Each structure stands twice: as C-alpha cells, then as structure tokens.
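Report on the structure given below.
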Amino acid sequence: MPRVSPPTLPSPLARLAAAVAVGLLAPAGALAAAPDPGAVQLPWGDALAALAQGASAALVPLAAAGATAALARVAGPLRFLVTTSLVERLVRNVGDYGLNAVSGAVKGRTLTVPLGSAVIAAAVQRAADQAPGWLLKEAVGLDGLAEKVFRSLPLEAAADAGNTLRPALRAARDRAGRTGPAS
C-alpha cells in the first residue's frame, strides 16, 4: 500500500497572504453577486478614502519639516562656499585692476617692493570704490582684502608685510581720506 503523508499546515506567511487576498477580493465578489435585500452594505471605498486623507494630513507636515531641516543643514555650508568664492573673485578682479592701473606692473612678472605696494593700494582703492559693503565685510574689511591681494601677487623675495603691505594700506587710507570713507 502506498504511503500517504499527513497534510501539512500552511505557514503563517501563507495564511497572512490568503487573508489579505480574501480581504481584497471579497468586496469585488460582493459587487458581482446579486444584491440581497436584507444585507448590510459597507462603504469601504469611503473608509479607504478617509484613511488616505488622514494619512496624507499627517505625512505632509512631516515631509515639509524634513525638507526644511535638510535645507537648513545645507544652507550654511552653501552660503560659506558662495561667499568664499565671491571674495576670491573680488581679490582676483581688484588685483588684476591694480596690475593694469600701475605703470610698470605686468601680470605674470615678479613685482618689486614699491611696485607691489602701488598695485595693492590701487586694488584696495578699487574695491573701496566699487565693491558692495557686505562683500568687503566678508573679506574682513579693506585690511583683510589688502592682505589677500598681497598674498596673490608675485612679489620679489625681499617683499614682506612690513615693507610692502603697510605702505599700501597707508596709501589707500590716505586716498580714501581725501575721497570719503573707504570702509
């Protein structure tokens, strides 16, 4: 006689899948059947719409808060990056202006101490005349801008802050004193 194995019970996952399938297909089957005059009809579509509306009412503010928090985390570094690049561009532009404005200064060539001072003074004066105040503030004022221009120029080995930068700052302040406030 052939041996017959006893029937096995379905796994919990299979039972759950079957229950979900019955739950989803039962309303469709009820619609297909002829209406029974004594049967109670449940408006499950309305309940599902109300559930979806309630879920969206709870999730939309959470999503908005998450997006705002992400923007706040990115805004600080992004502002720093943009401001830094604008200050670097200002230094490059006023430095190029200073090189073009001073007779004897040539871009790409090493500048002597007096020539370097004159270029820095012209660059700082140009920034004082043309740059917006908030950008000068980000560059740490005219003194900070002068230091940045000083570091960007190709100066001879004897040039240092004492013999090149300070005279340029004095000249820029004297010129600004004659034409109005520079800071």
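Identifiers for the structure tokens are assigned positionally: chains receive A, B, ... in sequence, residues are indexed from 1 per chain, and ligands are indexed from 1 in the order shown.
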Those of region 92-144 of chain A in DSSP alpha helix (DSSP H), formatted as a ChimeraX atom specification = /A:92-101,113-130,133-138,141-144
I need the chosen residues saved as a tab-separated table (two decimals), in the first residue's frame, with N, CA and C atoms.
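again19.tsv written:
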chain	number	residue	atom	x	y	z
A	92	ARG	N	40.83	88.55	-7.04
A	92	ARG	CA	41.42	88.38	-8.38
A	92	ARG	C	41.12	89.60	-9.25
A	93	ASN	N	39.87	90.08	-9.21
A	93	ASN	CA	39.49	91.21	-10.08
A	93	ASN	C	40.20	92.50	-9.68
A	94	VAL	N	40.22	92.82	-8.38
A	94	VAL	CA	40.89	94.07	-7.99
A	94	VAL	C	42.40	93.95	-8.14
A	95	GLY	N	42.94	92.75	-7.97
A	95	GLY	CA	44.38	92.54	-8.21
A	95	GLY	C	44.73	92.79	-9.67
A	96	ASP	N	43.89	92.24	-10.57
A	96	ASP	CA	44.11	92.49	-11.99
A	96	ASP	C	43.96	93.97	-12.32
A	97	TYR	N	42.99	94.63	-11.70
A	97	TYR	CA	42.82	96.06	-11.90
A	97	TYR	C	44.08	96.81	-11.45
A	98	GLY	N	44.58	96.45	-10.26
A	98	GLY	CA	45.78	97.11	-9.76
A	98	GLY	C	46.97	96.93	-10.68
A	99	LEU	N	47.13	95.73	-11.22
A	99	LEU	CA	48.23	95.48	-12.16
A	99	LEU	C	48.09	96.33	-13.42
A	100	ASN	N	46.86	96.50	-13.88
A	100	ASN	CA	46.63	97.32	-15.08
A	100	ASN	C	46.73	98.81	-14.79
A	101	ALA	N	46.42	99.21	-13.57
A	101	ALA	CA	46.38	100.64	-13.23
A	101	ALA	C	47.76	101.22	-12.92
A	113	VAL	N	59.23	95.78	-4.55
A	113	VAL	CA	58.51	96.24	-3.35
A	113	VAL	C	57.70	97.50	-3.63
A	114	PRO	N	58.28	98.58	-4.21
A	114	PRO	CA	57.46	99.78	-4.45
A	114	PRO	C	56.31	99.52	-5.44
A	115	LEU	N	56.59	98.72	-6.46
A	115	LEU	CA	55.56	98.41	-7.44
A	115	LEU	C	54.44	97.57	-6.81
A	116	GLY	N	54.81	96.61	-5.98
A	116	GLY	CA	53.83	95.78	-5.28
A	116	GLY	C	52.95	96.61	-4.37
A	117	SER	N	53.56	97.55	-3.65
A	117	SER	CA	52.77	98.44	-2.78
A	117	SER	C	51.79	99.27	-3.58
A	118	ALA	N	52.24	99.78	-4.71
A	118	ALA	CA	51.36	100.61	-5.55
A	118	ALA	C	50.20	99.77	-6.10
A	119	VAL	N	50.48	98.53	-6.50
A	119	VAL	CA	49.43	97.65	-7.03
A	119	VAL	C	48.41	97.33	-5.93
A	120	ILE	N	48.89	97.02	-4.74
A	120	ILE	CA	47.98	96.71	-3.62
A	120	ILE	C	47.12	97.92	-3.29
A	121	ALA	N	47.74	99.11	-3.24
A	121	ALA	CA	46.98	100.33	-2.93
A	121	ALA	C	45.91	100.59	-3.99
A	122	ALA	N	46.26	100.40	-5.27
A	122	ALA	CA	45.28	100.61	-6.34
A	122	ALA	C	44.15	99.58	-6.25
A	123	ALA	N	44.49	98.34	-5.92
A	123	ALA	CA	43.48	97.29	-5.80
A	123	ALA	C	42.53	97.57	-4.65
A	124	VAL	N	43.08	97.98	-3.52
A	124	VAL	CA	42.23	98.27	-2.35
A	124	VAL	C	41.34	99.48	-2.63
A	125	GLN	N	41.87	100.47	-3.28
A	125	GLN	CA	41.07	101.65	-3.62
A	125	GLN	C	39.94	101.27	-4.57
A	126	ARG	N	40.23	100.43	-5.54
A	126	ARG	CA	39.19	99.98	-6.48
A	126	ARG	C	38.07	99.24	-5.73
A	127	ALA	N	38.47	98.37	-4.79
A	127	ALA	CA	37.47	97.64	-4.01
A	127	ALA	C	36.65	98.59	-3.16
A	128	ALA	N	37.30	99.58	-2.57
A	128	ALA	CA	36.58	100.55	-1.73
A	128	ALA	C	35.58	101.35	-2.56
A	129	ASP	N	35.94	101.63	-3.80
A	129	ASP	CA	35.07	102.43	-4.66
A	129	ASP	C	33.94	101.61	-5.28
A	130	GLN	N	34.18	100.34	-5.59
A	130	GLN	CA	33.25	99.58	-6.41
A	130	GLN	C	32.56	98.40	-5.72
A	133	GLY	N	29.44	96.76	0.23
A	133	GLY	CA	29.91	96.76	1.61
A	133	GLY	C	29.87	95.39	2.27
A	134	TRP	N	28.83	94.60	1.98
A	134	TRP	CA	28.74	93.27	2.61
A	134	TRP	C	29.86	92.36	2.14
A	135	LEU	N	30.30	92.54	0.87
A	135	LEU	CA	31.40	91.70	0.36
A	135	LEU	C	32.72	92.12	0.98
A	136	LEU	N	32.91	93.43	1.18
A	136	LEU	CA	34.12	93.90	1.87
A	136	LEU	C	34.14	93.40	3.31
A	137	LYS	N	32.97	93.36	3.94
A	137	LYS	CA	32.88	92.84	5.31
A	137	LYS	C	33.26	91.37	5.34
A	138	GLU	N	32.81	90.59	4.34
A	138	GLU	CA	33.17	89.17	4.27
A	138	GLU	C	34.66	88.98	4.01
A	141	GLY	N	37.12	93.41	5.75
A	141	GLY	CA	37.42	94.82	5.57
A	141	GLY	C	38.51	95.06	4.54
A	142	LEU	N	38.89	96.31	4.41
A	142	LEU	CA	39.93	96.66	3.43
A	142	LEU	C	41.28	96.10	3.83
A	143	ASP	N	41.55	96.02	5.13
A	143	ASP	CA	42.84	95.45	5.57
A	143	ASP	C	42.93	93.97	5.18
A	144	GLY	N	41.85	93.23	5.41
A	144	GLY	CA	41.83	91.81	5.04
A	144	GLY	C	41.95	91.63	3.54
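From CA of Pro167 (chain A) back to CA of Pro132 (chain A), the distance works out to 24.4 Å.
CA of Lys107 (chain A) is positioned 11.2 Å from CA of Leu155 (chain A).
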Quick one: pull the distance between CA of Leu86 (chain A) and CA of Ala139 (chain A), Å, one decimal.
->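 Those two atoms sit 9.3 Å apart.
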Restricting the calculation to only C-alpha atoms, which member of A:Pro61, A:Glu88, A:Ala105, A:Thr110 is positioned closest to Val149 (chain A)?
-> A:Glu88
